[in-house]
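Note: the block below is upload_7.pdb and it holds PDB, C-alpha atoms.
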```pdb
ATOM      1  CA  MET Y   1      80.834  64.458  63.574
ATOM      2  CA  ARG Y   2      84.248  64.326  61.941
ATOM      3  CA  SER Y   3      87.313  64.153  64.116
ATOM      4  CA  GLY Y   4      91.068  64.233  63.760
ATOM      5  CA  PHE Y   5      93.303  65.538  60.982
ATOM      6  CA  VAL Y   6      91.976  65.321  57.434
ATOM      7  CA  ARG Y   7      94.139  66.077  54.427
ATOM      8  CA  ASP Y   8      92.452  68.034  51.658
ATOM      9  CA  SER Y   9      93.197  67.594  47.961
ATOM     10  CA  ASP Y  10      95.576  70.597  47.995
ATOM     11  CA  GLY Y  11      97.628  69.144  50.857
ATOM     12  CA  GLY Y  12      96.123  71.436  53.469
ATOM     13  CA  ILE Y  13      95.063  69.863  56.737
ATOM     14  CA  THR Y  14      91.769  70.419  58.512
ATOM     15  CA  TRP Y  15      91.743  69.557  62.195
ATOM     16  CA  TYR Y  16      88.389  68.680  63.701
ATOM     17  CA  CYS Y  17      89.116  68.933  67.402
ATOM     18  CA  LEU Y  18      87.579  69.539  70.802
ATOM     19  CA  PRO Y  19      87.145  72.879  72.587
ATOM     20  CA  PHE Y  20      89.532  71.882  75.386
ATOM     21  CA  GLU Y  21      92.207  71.039  72.810
ATOM     22  CA  VAL Y  22      92.028  74.550  71.342
ATOM     23  CA  GLY Y  23      92.331  76.080  74.811
ATOM     24  CA  LEU Y  24      95.205  73.846  75.848
ATOM     25  CA  LEU Y  25      97.230  74.539  72.709
ATOM     26  CA  GLU Y  26      96.588  78.272  72.974
ATOM     27  CA  SER Y  27      97.809  78.228  76.554
ATOM     28  CA  MET Y  28     100.912  76.209  75.668
ATOM     29  CA  ALA Y  29     101.742  78.359  72.624
ATOM     30  CA  THR Y  30     101.346  81.560  74.638
ATOM     31  CA  GLN Y  31     103.673  80.214  77.328
ATOM     32  CA  LEU Y  32     106.186  79.232  74.650
ATOM     33  CA  VAL Y  33     106.219  82.766  73.214
ATOM     34  CA  GLU Y  34     106.851  84.149  76.712
ATOM     35  CA  LEU Y  35     109.562  81.587  77.421
ATOM     36  CA  VAL Y  36     111.652  82.249  74.296
ATOM     37  CA  ASP Y  37     111.207  86.013  74.853
ATOM     38  CA  ALA Y  38     112.234  86.930  71.307
ATOM     39  CA  PRO Y  39     113.678  90.374  70.599
ATOM     40  CA  ASP Y  40     111.082  92.858  69.321
ATOM     41  CA  TRP Y  41     110.687  92.594  65.570
ATOM     42  CA  SER Y  42     111.234  95.606  63.337
ATOM     43  CA  ASP Y  43     111.097  95.979  59.576
ATOM     44  CA  ASP Y  44     114.051  98.318  59.908
ATOM     45  CA  PRO Y  45     117.199  96.134  59.906
ATOM     46  CA  LEU Y  46     119.162  98.617  62.001
ATOM     47  CA  GLU Y  47     116.479  98.793  64.656
ATOM     48  CA  ARG Y  48     116.137  95.018  64.578
ATOM     49  CA  TRP Y  49     119.867  94.630  65.099
ATOM     50  CA  ALA Y  50     119.691  96.982  68.081
ATOM     51  CA  ASN Y  51     116.754  95.026  69.527
ATOM     52  CA  GLU Y  52     118.665  91.775  69.141
ATOM     53  CA  ARG Y  53     121.764  93.278  70.738
ATOM     54  CA  ASP Y  54     119.757  94.568  73.703
ATOM     55  CA  ALA Y  55     117.671  91.409  74.211
ATOM     56  CA  PRO Y  56     118.176  89.884  77.662
ATOM     57  CA  PRO Y  57     120.319  86.722  77.470
ATOM     58  CA  LEU Y  58     118.585  83.360  77.724
ATOM     59  CA  ASP Y  59     118.661  81.762  81.156
ATOM     60  CA  ARG Y  60     120.219  78.414  80.309
ATOM     61  CA  GLU Y  61     119.949  77.417  83.974
ATOM     62  CA  ASP Y  62     116.333  76.728  83.004
ATOM     63  CA  PRO Y  63     116.435  73.160  81.631
ATOM     64  CA  ALA Y  64     113.644  73.952  79.156
ATOM     65  CA  LEU Y  65     115.581  76.859  77.635
ATOM     66  CA  ALA Y  66     118.795  74.850  77.707
ATOM     67  CA  ARG Y  67     117.058  72.161  75.673
ATOM     68  CA  LEU Y  68     115.318  74.524  73.236
ATOM     69  CA  PHE Y  69     118.597  76.342  72.592
ATOM     70  CA  PRO Y  70     121.380  73.782  73.044
ATOM     71  CA  GLU Y  71     124.991  74.914  73.019
ATOM     72  CA  ALA Y  72     126.146  74.333  69.453
ATOM     73  CA  SER Y  73     129.646  73.182  70.385
ATOM     74  CA  THR Y  74     131.546  71.605  73.258
ATOM     75  CA  ASN Y  75     134.197  74.233  72.554
ATOM     76  CA  ALA Y  76     133.236  77.261  74.689
ATOM     77  CA  GLU Y  77     134.534  79.776  72.157
ATOM     78  CA  GLU Y  78     132.642  78.148  69.285
ATOM     79  CA  ALA Y  79     129.470  77.893  71.378
ATOM     80  CA  SER Y  80     129.710  81.569  72.271
ATOM     81  CA  GLU Y  81     130.217  82.568  68.628
ATOM     82  CA  PHE Y  82     127.196  80.527  67.582
ATOM     83  CA  ARG Y  83     125.059  82.196  70.260
ATOM     84  CA  ARG Y  84     126.190  85.625  69.082
ATOM     85  CA  LEU Y  85     125.398  84.837  65.438
ATOM     86  CA  MET Y  86     122.292  82.678  65.666
ATOM     87  CA  GLU Y  87     120.517  82.910  69.006
ATOM     88  CA  ALA Y  88     118.321  85.934  68.201
ATOM     89  CA  GLU Y  89     117.288  84.322  64.916
ATOM     90  CA  LEU Y  90     116.354  81.080  66.675
ATOM     91  CA  ARG Y  91     114.349  82.893  69.359
ATOM     92  CA  THR Y  92     112.515  84.872  66.672
ATOM     93  CA  GLN Y  93     111.863  81.713  64.646
ATOM     94  CA  LYS Y  94     110.369  79.815  67.577
ATOM     95  CA  ALA Y  95     108.194  82.781  68.550
ATOM     96  CA  SER Y  96     106.926  83.292  64.993
ATOM     97  CA  ASP Y  97     106.175  79.555  64.642
ATOM     98  CA  ALA Y  98     104.086  79.704  67.832
ATOM     99  CA  ALA Y  99     102.375  82.886  66.601
ATOM    100  CA  ILE Y 100     101.281  81.045  63.434
ATOM    101  CA  VAL Y 101      99.679  78.351  65.607
ATOM    102  CA  LEU Y 102      97.946  80.974  67.761
ATOM    103  CA  GLU Y 103      96.547  82.737  64.690
ATOM    104  CA  ALA Y 104      95.224  79.458  63.301
ATOM    105  CA  LEU Y 105      93.551  78.608  66.622
ATOM    106  CA  ALA Y 106      91.932  82.021  67.149
ATOM    107  CA  PRO Y 107      88.896  81.502  64.835
ATOM    108  CA  ALA Y 108      88.137  78.170  66.558
ATOM    109  CA  GLU Y 109      88.212  79.599  70.056
ATOM    110  CA  GLY Y 110      84.863  79.444  71.840
ATOM    111  CA  THR Y 111      83.197  77.272  69.183
ATOM    112  CA  SER Y 112      81.514  74.035  70.249
ATOM    113  CA  GLU Y 113      82.844  72.012  67.310
ATOM    114  CA  PRO Y 114      86.179  73.664  66.514
ATOM    115  CA  VAL Y 115      87.646  73.389  63.031
ATOM    116  CA  VAL Y 116      91.254  74.486  62.555
ATOM    117  CA  ALA Y 117      92.804  75.062  59.116
ATOM    118  CA  ILE Y 118      96.488  74.166  58.711
ATOM    119  CA  PRO Y 119      97.486  75.046  55.115
ATOM    120  CA  VAL Y 120     100.706  73.654  53.642
ATOM    121  CA  PRO Y 121     102.903  76.744  54.260
ATOM    122  CA  GLU Y 122     102.026  76.639  57.995
ATOM    123  CA  GLN Y 123     102.520  72.931  58.608
ATOM    124  CA  ILE Y 124     106.213  73.106  59.471
ATOM    125  CA  ALA Y 125     105.478  75.847  62.035
ATOM    126  CA  TRP Y 126     102.836  73.605  63.597
ATOM    127  CA  LEU Y 127     105.133  70.587  63.808
ATOM    128  CA  ARG Y 128     108.012  72.648  65.204
ATOM    129  CA  THR Y 129     105.767  74.316  67.784
ATOM    130  CA  LEU Y 130     104.222  71.034  68.961
ATOM    131  CA  ASN Y 131     107.759  69.681  69.201
ATOM    132  CA  ALA Y 132     108.967  72.682  71.203
ATOM    133  CA  MET Y 133     106.052  72.190  73.611
ATOM    134  CA  ARG Y 134     107.077  68.561  74.106
ATOM    135  CA  LEU Y 135     110.692  69.586  74.705
ATOM    136  CA  VAL Y 136     109.623  72.129  77.337
ATOM    137  CA  LEU Y 137     107.317  69.672  79.109
ATOM    138  CA  GLY Y 138     109.940  66.930  78.810
ATOM    139  CA  ALA Y 139     112.439  69.219  80.524
ATOM    140  CA  ARG Y 140     109.891  70.077  83.248
ATOM    141  CA  LEU Y 141     109.394  66.331  83.790
ATOM    142  CA  GLY Y 142     113.159  65.817  84.014
ATOM    143  CA  ILE Y 143     113.341  63.613  80.914
ATOM    144  CA  ASP Y 144     117.060  63.623  80.164
ATOM    145  CA  THR Y 145     117.625  59.944  79.371
ATOM    146  CA  ASP Y 146     115.710  57.171  77.604
ATOM    147  CA  LYS Y 147     115.249  55.568  81.031
ATOM    148  CA  ALA Y 148     113.718  58.766  82.431
ATOM    149  CA  ALA Y 149     111.366  58.849  79.431
ATOM    150  CA  GLU Y 150     110.172  55.334  80.281
ATOM    151  CA  LEU Y 151     109.567  56.322  83.909
ATOM    152  CA  VAL Y 152     107.301  59.168  82.771
ATOM    153  CA  ASP Y 153     105.072  56.553  81.121
ATOM    154  CA  GLU Y 154     104.622  54.974  84.568
ATOM    155  CA  ILE Y 155     103.636  58.102  86.516
ATOM    156  CA  GLU Y 156     100.612  57.312  88.700
ATOM    157  CA  PRO Y 157      97.476  59.501  88.448
ATOM    158  CA  SER Y 158      98.008  60.574  92.080
ATOM    159  CA  ASP Y 159     101.523  61.852  91.288
ATOM    160  CA  GLU Y 160     101.768  65.660  91.262
ATOM    161  CA  ARG Y 161     103.515  65.427  87.868
ATOM    162  CA  ALA Y 162     100.587  63.506  86.341
ATOM    163  CA  PRO Y 163      98.873  66.545  84.747
ATOM    164  CA  ILE Y 164     102.119  67.603  83.038
ATOM    165  CA  ALA Y 165     102.771  64.040  81.902
ATOM    166  CA  ASP Y 166      99.239  63.853  80.474
ATOM    167  CA  VAL Y 167      99.763  67.003  78.409
ATOM    168  CA  TYR Y 168     103.197  65.752  77.328
ATOM    169  CA  HIS Y 169     101.694  62.500  76.047
ATOM    170  CA  TRP Y 170      98.744  64.269  74.444
ATOM    171  CA  ILE Y 171     100.950  66.691  72.491
ATOM    172  CA  GLY Y 172     103.064  63.774  71.290
ATOM    173  CA  TYR Y 173      99.865  62.081  70.119
ATOM    174  CA  VAL Y 174      98.663  65.208  68.287
ATOM    175  CA  GLN Y 175     102.058  65.690  66.645
ATOM    176  CA  SER Y 176     102.088  62.073  65.499
ATOM    177  CA  LEU Y 177      98.565  62.310  64.030
ATOM    178  CA  LEU Y 178      99.449  65.545  62.237
ATOM    179  CA  LEU Y 179     102.625  63.976  60.824
ATOM    180  CA  ASP Y 180     100.631  60.962  59.649
ATOM    181  CA  ALA Y 181      98.172  63.279  57.916
ATOM    182  CA  ILE Y 182     100.923  65.365  56.281
ATOM    183  CA  THR Y 183     103.068  62.454  55.101
ATOM    184  CA  GLY Y 184     100.346  59.829  54.685
TER     185      GLY Y 184
ATOM    186  CA  MET R   1     122.620  51.355  58.943
ATOM    187  CA  THR R   2     125.980  52.454  57.600
ATOM    188  CA  GLU R   3     128.006  50.003  55.562
ATOM    189  CA  GLN R   4     131.267  51.420  56.886
ATOM    190  CA  PRO R   5     131.206  51.835  60.659
ATOM    191  CA  GLY R   6     132.254  55.352  61.493
ATOM    192  CA  GLY R   7     132.494  56.184  57.798
ATOM    193  CA  GLY R   8     130.964  59.166  56.103
ATOM    194  CA  THR R   9     128.571  57.405  53.755
ATOM    195  CA  ALA R  10     125.745  59.602  54.945
ATOM    196  CA  ILE R  11     127.295  62.893  54.024
ATOM    197  CA  GLN R  12     128.783  62.438  50.591
ATOM    198  CA  GLU R  13     126.302  64.693  48.815
ATOM    199  CA  ARG R  14     127.657  67.743  50.534
ATOM    200  CA  VAL R  15     131.324  67.011  50.000
ATOM    201  CA  ASP R  16     131.207  68.396  46.470
ATOM    202  CA  GLU R  17     129.942  71.716  47.816
ATOM    203  CA  GLN R  18     133.006  72.348  49.926
ATOM    204  CA  HIS R  19     135.303  75.091  48.872
ATOM    205  CA  LEU R  20     138.791  73.786  48.308
ATOM    206  CA  GLY R  21     141.277  74.984  50.852
ATOM    207  CA  GLN R  22     138.806  75.226  53.725
ATOM    208  CA  SER R  23     138.792  72.392  56.200
ATOM    209  CA  PRO R  24     135.347  70.823  56.349
ATOM    210  CA  TRP R  25     132.965  70.905  59.277
ATOM    211  CA  VAL R  26     130.100  68.593  60.117
ATOM    212  CA  CYS R  27     126.638  69.044  61.576
ATOM    213  CA  ILE R  28     126.028  66.469  64.304
ATOM    214  CA  VAL R  29     122.567  65.474  65.496
ATOM    215  CA  TRP R  30     122.508  63.875  68.957
ATOM    216  CA  ASN R  31     120.130  61.325  70.381
ATOM    217  CA  ASP R  32     117.609  62.714  72.824
ATOM    218  CA  PRO R  33     114.838  60.988  74.760
ATOM    219  CA  VAL R  34     111.969  63.317  73.753
ATOM    220  CA  ASN R  35     111.999  63.737  69.972
ATOM    221  CA  THR R  36     110.222  60.855  68.257
ATOM    222  CA  MET R  37     111.760  58.694  65.540
ATOM    223  CA  GLN R  38     108.902  59.695  63.226
ATOM    224  CA  TYR R  39     109.586  63.409  63.698
ATOM    225  CA  VAL R  40     113.384  63.180  63.329
ATOM    226  CA  THR R  41     112.968  61.193  60.095
ATOM    227  CA  TYR R  42     110.509  63.794  58.792
ATOM    228  CA  VAL R  43     112.956  66.621  59.590
ATOM    229  CA  PHE R  44     115.817  64.931  57.718
ATOM    230  CA  GLN R  45     113.566  64.375  54.698
ATOM    231  CA  THR R  46     112.108  67.874  54.735
ATOM    232  CA  TYR R  47     115.183  69.984  55.413
ATOM    233  CA  PHE R  48     117.909  68.004  53.627
ATOM    234  CA  GLY R  49     115.659  66.505  50.958
ATOM    235  CA  PHE R  50     116.856  62.988  51.828
ATOM    236  CA  SER R  51     114.865  59.956  50.687
ATOM    237  CA  LYS R  52     112.758  58.266  53.342
ATOM    238  CA  GLU R  53     115.253  55.371  53.371
ATOM    239  CA  LYS R  54     118.264  57.620  53.912
ATOM    240  CA  ALA R  55     116.458  59.772  56.483
ATOM    241  CA  THR R  56     115.441  56.636  58.376
ATOM    242  CA  ARG R  57     118.992  55.265  58.271
ATOM    243  CA  LEU R  58     120.392  58.509  59.711
ATOM    244  CA  MET R  59     117.651  58.642  62.347
ATOM    245  CA  LEU R  60     118.511  55.089  63.437
ATOM    246  CA  GLU R  61     122.194  56.035  63.537
ATOM    247  CA  VAL R  62     121.298  58.893  65.915
ATOM    248  CA  HIS R  63     119.110  56.579  67.977
ATOM    249  CA  ASN R  64     121.504  53.631  68.176
ATOM    250  CA  ASP R  65     124.924  55.316  68.144
ATOM    251  CA  GLY R  66     123.926  58.452  70.064
ATOM    252  CA  ARG R  67     124.914  60.793  67.230
ATOM    253  CA  SER R  68     125.192  61.089  63.485
ATOM    254  CA  ALA R  69     126.974  63.472  61.148
ATOM    255  CA  VAL R  70     124.099  64.474  58.898
ATOM    256  CA  ALA R  71     125.837  67.142  56.801
ATOM    257  CA  MET R  72     129.332  68.271  55.850
ATOM    258  CA  GLY R  73     130.519  71.546  54.369
ATOM    259  CA  THR R  74     132.115  74.860  55.198
ATOM    260  CA  LYS R  75     131.809  76.214  58.713
ATOM    261  CA  ASP R  76     129.275  78.809  57.544
ATOM    262  CA  GLU R  77     127.163  76.124  55.909
ATOM    263  CA  MET R  78     127.252  73.984  59.025
ATOM    264  CA  GLU R  79     126.261  76.945  61.222
ATOM    265  CA  ARG R  80     123.268  77.338  58.913
ATOM    266  CA  ASP R  81     122.380  73.634  59.132
ATOM    267  CA  VAL R  82     122.794  73.508  62.931
ATOM    268  CA  THR R  83     120.551  76.561  63.222
ATOM    269  CA  ALA R  84     117.937  74.854  61.051
ATOM    270  CA  MET R  85     118.106  71.635  63.074
ATOM    271  CA  GLN R  86     117.750  73.603  66.326
ATOM    272  CA  ALA R  87     114.783  75.492  64.862
ATOM    273  CA  TYR R  88     113.145  72.072  64.430
ATOM    274  CA  GLY R  89     114.057  71.213  68.022
ATOM    275  CA  LEU R  90     116.742  68.686  67.236
ATOM    276  CA  TRP R  91     119.843  68.622  69.414
ATOM    277  CA  ALA R  92     122.471  69.696  66.884
ATOM    278  CA  THR R  93     126.086  70.815  67.180
ATOM    279  CA  LEU R  94     128.908  71.582  64.765
ATOM    280  CA  GLU R  95     132.508  70.438  64.841
ATOM    281  CA  PRO R  96     135.477  70.128  62.509
ATOM    282  CA  ALA R  97     135.254  66.957  60.421
ATOM    283  CA  ALA R  98     137.494  64.235  61.808
TER     284      ALA R  98
END
```
Re-express the file's structure as structure tokens.
Amino acid sequence: MRSGFVRDSDGGITWYCLPFEVGLLESMATQLVELVDAPDWSDDPLERWANERDAPPLDREDPALARLFPEASTNAEEASEFRRLMEAELRTQKASDAAIVLEALAPAEGTSEPVVAIPVPEQIAWLRTLNAMRLVLGARLGIDTDKAAELVDEIEPSDERAPIADVYHWIGYVQSLLLDAITG
Amino acid sequence: MTEQPGGGTAIQERVDEQHLGQSPWVCIVWNDPVNTMQYVTYVFQTYFGFSKEKATRLMLEVHNDGRSAVAMGTKDEMERDVTAMQAYGLWATLEPAA
């Protein structure tokens, strides 16, 4: 049985993975879509603008959201202007990246030997989404310094944070393998 | 690593794109403990079109110095670049060029 990420001659990636990996990524991607809570999309620019205007503000008290959407300036006025101009676009981008991952995973769901196709135009969305998942889990684990990152590597299996740390490490591993396959 | 400490060797490509009369801004990428060196290097190569060598040098500047100015241009251009970096999950800010 093949396993891992295999690059095809056209640059597309085929991921031979395990059923639990499909389920875990689907769960994480779904949670990510809910977390970024992007404004409803519309093909009508006016309606889209209204949706963006009416979207509830991000709760930056949540460390995960604060990290996914960092303030773009130490100057409060500049940071506020950037939020006004760019925040809806960034929320929409992160949600649509995660949606691409969910669509790619759907055909593999429930199969005993899942095969996931990641064609070239979707690879950036995959890398960004895996990265966003790591940022969210990193924030949940309180990783805010290099030292804190090292401590996460030492979490004992009995620690209540161990399951989150396991997923955090696993997603980093998957992202690294995918990057190797794309750039290799 | 940079040949001139604190100098702008990394951002010269963009200087030509500035419109005369507007003071330049820079896009800063900050060190963070979660994003991997491999991923940050890939982002610099992919988005800015930098060579692997240049992308790696900038990534190490972020890692070792805590921050690096990865692009310079008009304020609008830097808002665009900061947005792109944040879409990739990098910790990016904009500020007037020193």
Would you write out, as an mmCIF file with C-alpha atoms, keeping the file's coordinate frame, every residue that the ChimeraX specification (/Y :<12) & /R captures in this file?
```cif
data_model
loop_
_atom_site.group_PDB
_atom_site.id
_atom_site.type_symbol
_atom_site.label_atom_id
_atom_site.label_comp_id
_atom_site.auth_asym_id
_atom_site.auth_seq_id
_atom_site.Cartn_x
_atom_site.Cartn_y
_atom_site.Cartn_z
ATOM 1 C CA TRP R 25 132.965 70.905 59.277
ATOM 2 C CA VAL R 26 130.100 68.593 60.117
ATOM 3 C CA CYS R 27 126.638 69.044 61.576
ATOM 4 C CA ILE R 28 126.028 66.469 64.304
ATOM 5 C CA VAL R 29 122.567 65.474 65.496
ATOM 6 C CA TRP R 30 122.508 63.875 68.957
ATOM 7 C CA ASN R 31 120.130 61.325 70.381
ATOM 8 C CA ASP R 32 117.609 62.714 72.824
ATOM 9 C CA PRO R 33 114.838 60.988 74.760
ATOM 10 C CA VAL R 34 111.969 63.317 73.753
ATOM 11 C CA ASN R 35 111.999 63.737 69.972
ATOM 12 C CA THR R 36 110.222 60.855 68.257
ATOM 13 C CA MET R 37 111.760 58.694 65.540
ATOM 14 C CA GLN R 38 108.902 59.695 63.226
ATOM 15 C CA TYR R 39 109.586 63.409 63.698
ATOM 16 C CA VAL R 40 113.384 63.180 63.329
ATOM 17 C CA THR R 41 112.968 61.193 60.095
ATOM 18 C CA TYR R 42 110.509 63.794 58.792
ATOM 19 C CA VAL R 43 112.956 66.621 59.590
ATOM 20 C CA GLN R 45 113.566 64.375 54.698
ATOM 21 C CA THR R 46 112.108 67.874 54.735
ATOM 22 C CA TYR R 47 115.183 69.984 55.413
ATOM 23 C CA LYS R 52 112.758 58.266 53.342
ATOM 24 C CA HIS R 63 119.110 56.579 67.977
ATOM 25 C CA ASN R 64 121.504 53.631 68.176
ATOM 26 C CA GLY R 66 123.926 58.452 70.064
ATOM 27 C CA LYS R 75 131.809 76.214 58.713
ATOM 28 C CA ASP R 76 129.275 78.809 57.544
ATOM 29 C CA MET R 78 127.252 73.984 59.025
ATOM 30 C CA GLU R 79 126.261 76.945 61.222
ATOM 31 C CA ARG R 80 123.268 77.338 58.913
ATOM 32 C CA ASP R 81 122.380 73.634 59.132
ATOM 33 C CA VAL R 82 122.794 73.508 62.931
ATOM 34 C CA THR R 83 120.551 76.561 63.222
ATOM 35 C CA ALA R 84 117.937 74.854 61.051
ATOM 36 C CA MET R 85 118.106 71.635 63.074
ATOM 37 C CA GLN R 86 117.750 73.603 66.326
ATOM 38 C CA ALA R 87 114.783 75.492 64.862
ATOM 39 C CA TYR R 88 113.145 72.072 64.430
ATOM 40 C CA GLY R 89 114.057 71.213 68.022
ATOM 41 C CA LEU R 90 116.742 68.686 67.236
ATOM 42 C CA TRP R 91 119.843 68.622 69.414
ATOM 43 C CA ALA R 92 122.471 69.696 66.884
ATOM 44 C CA THR R 93 126.086 70.815 67.180
ATOM 45 C CA LEU R 94 128.908 71.582 64.765
ATOM 46 C CA GLU R 95 132.508 70.438 64.841
ATOM 47 C CA PRO R 96 135.477 70.128 62.509
#
```
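The coordinates place CA of Tyr173 in chain Y at 19.2 Å from CA of Glu156 in chain Y.
Minimum atom-to-atom distances from Y:Leu58, Y:Val101, Y:Leu18, Y:Val120 to Ala181 in chain Y were compared using all atoms listed in the file, and the lowest value belongs to Y:Val120.
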Subject >> Picked residues, the PyMOL selection byres ((chain Y and resi 114-118) around 7), expected as a list in words >> reply: Gly12, Ile13, Thr14, Trp15, Tyr16, Cys17, Leu18, Pro19, Ala104, Leu105, Ala108, Thr111, Ser112, Glu113, Pro119, Val120, Glu122 and Gln123 of chain Y
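For the pair CA of Glu109 in chain Y and CA of Gly11 in chain Y, the interatomic distance is 23.8 Å.
Those residues returned by the PyMOL selection byres ((chain Y and resi 36) around 8) for this file are Leu32, Val33, Glu34, Leu35, Asp37, Ala38, Leu58, Leu65, Arg91, Lys94 and Ala95 of chain Y.
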Please write the residues from the selection above to a file, keeping C-alpha atoms, as a PDB file, in the coordinates of the input.
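Result written to result.pdb:
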```pdb
ATOM      1  CA  LEU Y  32     106.186  79.232  74.650  1.00  0.00           C
ATOM      2  CA  VAL Y  33     106.219  82.766  73.214  1.00  0.00           C
ATOM      3  CA  GLU Y  34     106.851  84.149  76.712  1.00  0.00           C
ATOM      4  CA  LEU Y  35     109.562  81.587  77.421  1.00  0.00           C
ATOM      5  CA  ASP Y  37     111.207  86.013  74.853  1.00  0.00           C
ATOM      6  CA  ALA Y  38     112.234  86.930  71.307  1.00  0.00           C
ATOM      7  CA  LEU Y  58     118.585  83.360  77.724  1.00  0.00           C
ATOM      8  CA  LEU Y  65     115.581  76.859  77.635  1.00  0.00           C
ATOM      9  CA  ARG Y  91     114.349  82.893  69.359  1.00  0.00           C
ATOM     10  CA  LYS Y  94     110.369  79.815  67.577  1.00  0.00           C
ATOM     11  CA  ALA Y  95     108.194  82.781  68.550  1.00  0.00           C
TER      12      ALA Y  95
END
```
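Between CA of Leu25 in chain Y and CA of Ala55 in chain Y there is a distance of 26.5 Å.
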Could you give me the centre and size, in Å to one decimal, of an axis-aligned box around all listed atoms of range 78-83 of chain Y with 3 Å added on every side, as JSON?
```
{"center_x": 128.9, "center_y": 80.2, "center_z": 69.9, "size_x": 13.6, "size_y": 10.7, "size_z": 10.7}
```
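Every protein, DNA or RNA residue with an atom at most 10 Å from Trp41 in chain Y, where all atoms listed in the file count and chain neighbours fewer than 4 positions away do not, is listed here: Pro45, Glu47, Arg48, Trp49, Asn51, Glu52 and Thr92 of chain Y.
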Original post:
Which one of Y:Ser9, Y:Ile171, Y:Gly184, Y:Gly142 sits closest to Glu21 in chain Y if you count all atoms listed in the file?
Top reply: Y:Ile171
Return range 81-97 of chain R, completed with N, CA and C atoms, as a PDB file, keeping the file's coordinate frame.
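Listed below is the output, part09.pdb:
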```
ATOM      1  N   ASP R  81     123.095  74.903  58.937  1.00  0.00           N
ATOM      2  CA  ASP R  81     122.380  73.634  59.132  1.00  0.00           C
ATOM      3  C   ASP R  81     122.080  73.374  60.611  1.00  0.00           C
ATOM      4  N   VAL R  82     123.036  73.698  61.489  1.00  0.00           N
ATOM      5  CA  VAL R  82     122.794  73.508  62.931  1.00  0.00           C
ATOM      6  C   VAL R  82     121.650  74.419  63.387  1.00  0.00           C
ATOM      7  N   THR R  83     121.644  75.646  62.885  1.00  0.00           N
ATOM      8  CA  THR R  83     120.551  76.561  63.222  1.00  0.00           C
ATOM      9  C   THR R  83     119.209  75.978  62.779  1.00  0.00           C
ATOM     10  N   ALA R  84     119.180  75.440  61.558  1.00  0.00           N
ATOM     11  CA  ALA R  84     117.937  74.854  61.051  1.00  0.00           C
ATOM     12  C   ALA R  84     117.511  73.667  61.912  1.00  0.00           C
ATOM     13  N   MET R  85     118.457  72.797  62.242  1.00  0.00           N
ATOM     14  CA  MET R  85     118.106  71.635  63.074  1.00  0.00           C
ATOM     15  C   MET R  85     117.581  72.079  64.434  1.00  0.00           C
ATOM     16  N   GLN R  86     118.211  73.113  65.019  1.00  0.00           N
ATOM     17  CA  GLN R  86     117.750  73.603  66.326  1.00  0.00           C
ATOM     18  C   GLN R  86     116.382  74.281  66.208  1.00  0.00           C
ATOM     19  N   ALA R  87     116.105  74.897  65.056  1.00  0.00           N
ATOM     20  CA  ALA R  87     114.783  75.492  64.862  1.00  0.00           C
ATOM     21  C   ALA R  87     113.709  74.400  64.881  1.00  0.00           C
ATOM     22  N   TYR R  88     114.068  73.207  64.388  1.00  0.00           N
ATOM     23  CA  TYR R  88     113.145  72.072  64.430  1.00  0.00           C
ATOM     24  C   TYR R  88     113.120  71.406  65.815  1.00  0.00           C
ATOM     25  N   GLY R  89     114.031  71.802  66.690  1.00  0.00           N
ATOM     26  CA  GLY R  89     114.057  71.213  68.022  1.00  0.00           C
ATOM     27  C   GLY R  89     114.986  70.022  68.156  1.00  0.00           C
ATOM     28  N   LEU R  90     115.773  69.768  67.108  1.00  0.00           N
ATOM     29  CA  LEU R  90     116.742  68.686  67.236  1.00  0.00           C
ATOM     30  C   LEU R  90     117.972  69.195  67.983  1.00  0.00           C
ATOM     31  N   TRP R  91     118.645  68.270  68.660  1.00  0.00           N
ATOM     32  CA  TRP R  91     119.843  68.622  69.414  1.00  0.00           C
ATOM     33  C   TRP R  91     121.029  68.545  68.449  1.00  0.00           C
ATOM     34  N   ALA R  92     121.435  69.693  67.921  1.00  0.00           N
ATOM     35  CA  ALA R  92     122.471  69.696  66.884  1.00  0.00           C
ATOM     36  C   ALA R  92     123.661  70.543  67.310  1.00  0.00           C
ATOM     37  N   THR R  93     124.850  70.078  66.922  1.00  0.00           N
ATOM     38  CA  THR R  93     126.086  70.815  67.180  1.00  0.00           C
ATOM     39  C   THR R  93     126.940  70.786  65.913  1.00  0.00           C
ATOM     40  N   LEU R  94     127.958  71.652  65.885  1.00  0.00           N
ATOM     41  CA  LEU R  94     128.908  71.582  64.765  1.00  0.00           C
ATOM     42  C   LEU R  94     130.313  71.343  65.287  1.00  0.00           C
ATOM     43  N   GLU R  95     131.122  70.710  64.472  1.00  0.00           N
ATOM     44  CA  GLU R  95     132.508  70.438  64.841  1.00  0.00           C
ATOM     45  C   GLU R  95     133.330  70.237  63.568  1.00  0.00           C
ATOM     46  N   PRO R  96     134.650  70.408  63.680  1.00  0.00           N
ATOM     47  CA  PRO R  96     135.477  70.128  62.509  1.00  0.00           C
ATOM     48  C   PRO R  96     135.357  68.649  62.143  1.00  0.00           C
ATOM     49  N   ALA R  97     135.330  68.354  60.848  1.00  0.00           N
ATOM     50  CA  ALA R  97     135.254  66.957  60.421  1.00  0.00           C
ATOM     51  C   ALA R  97     136.518  66.232  60.861  1.00  0.00           C
TER      52      ALA R  97
END
```
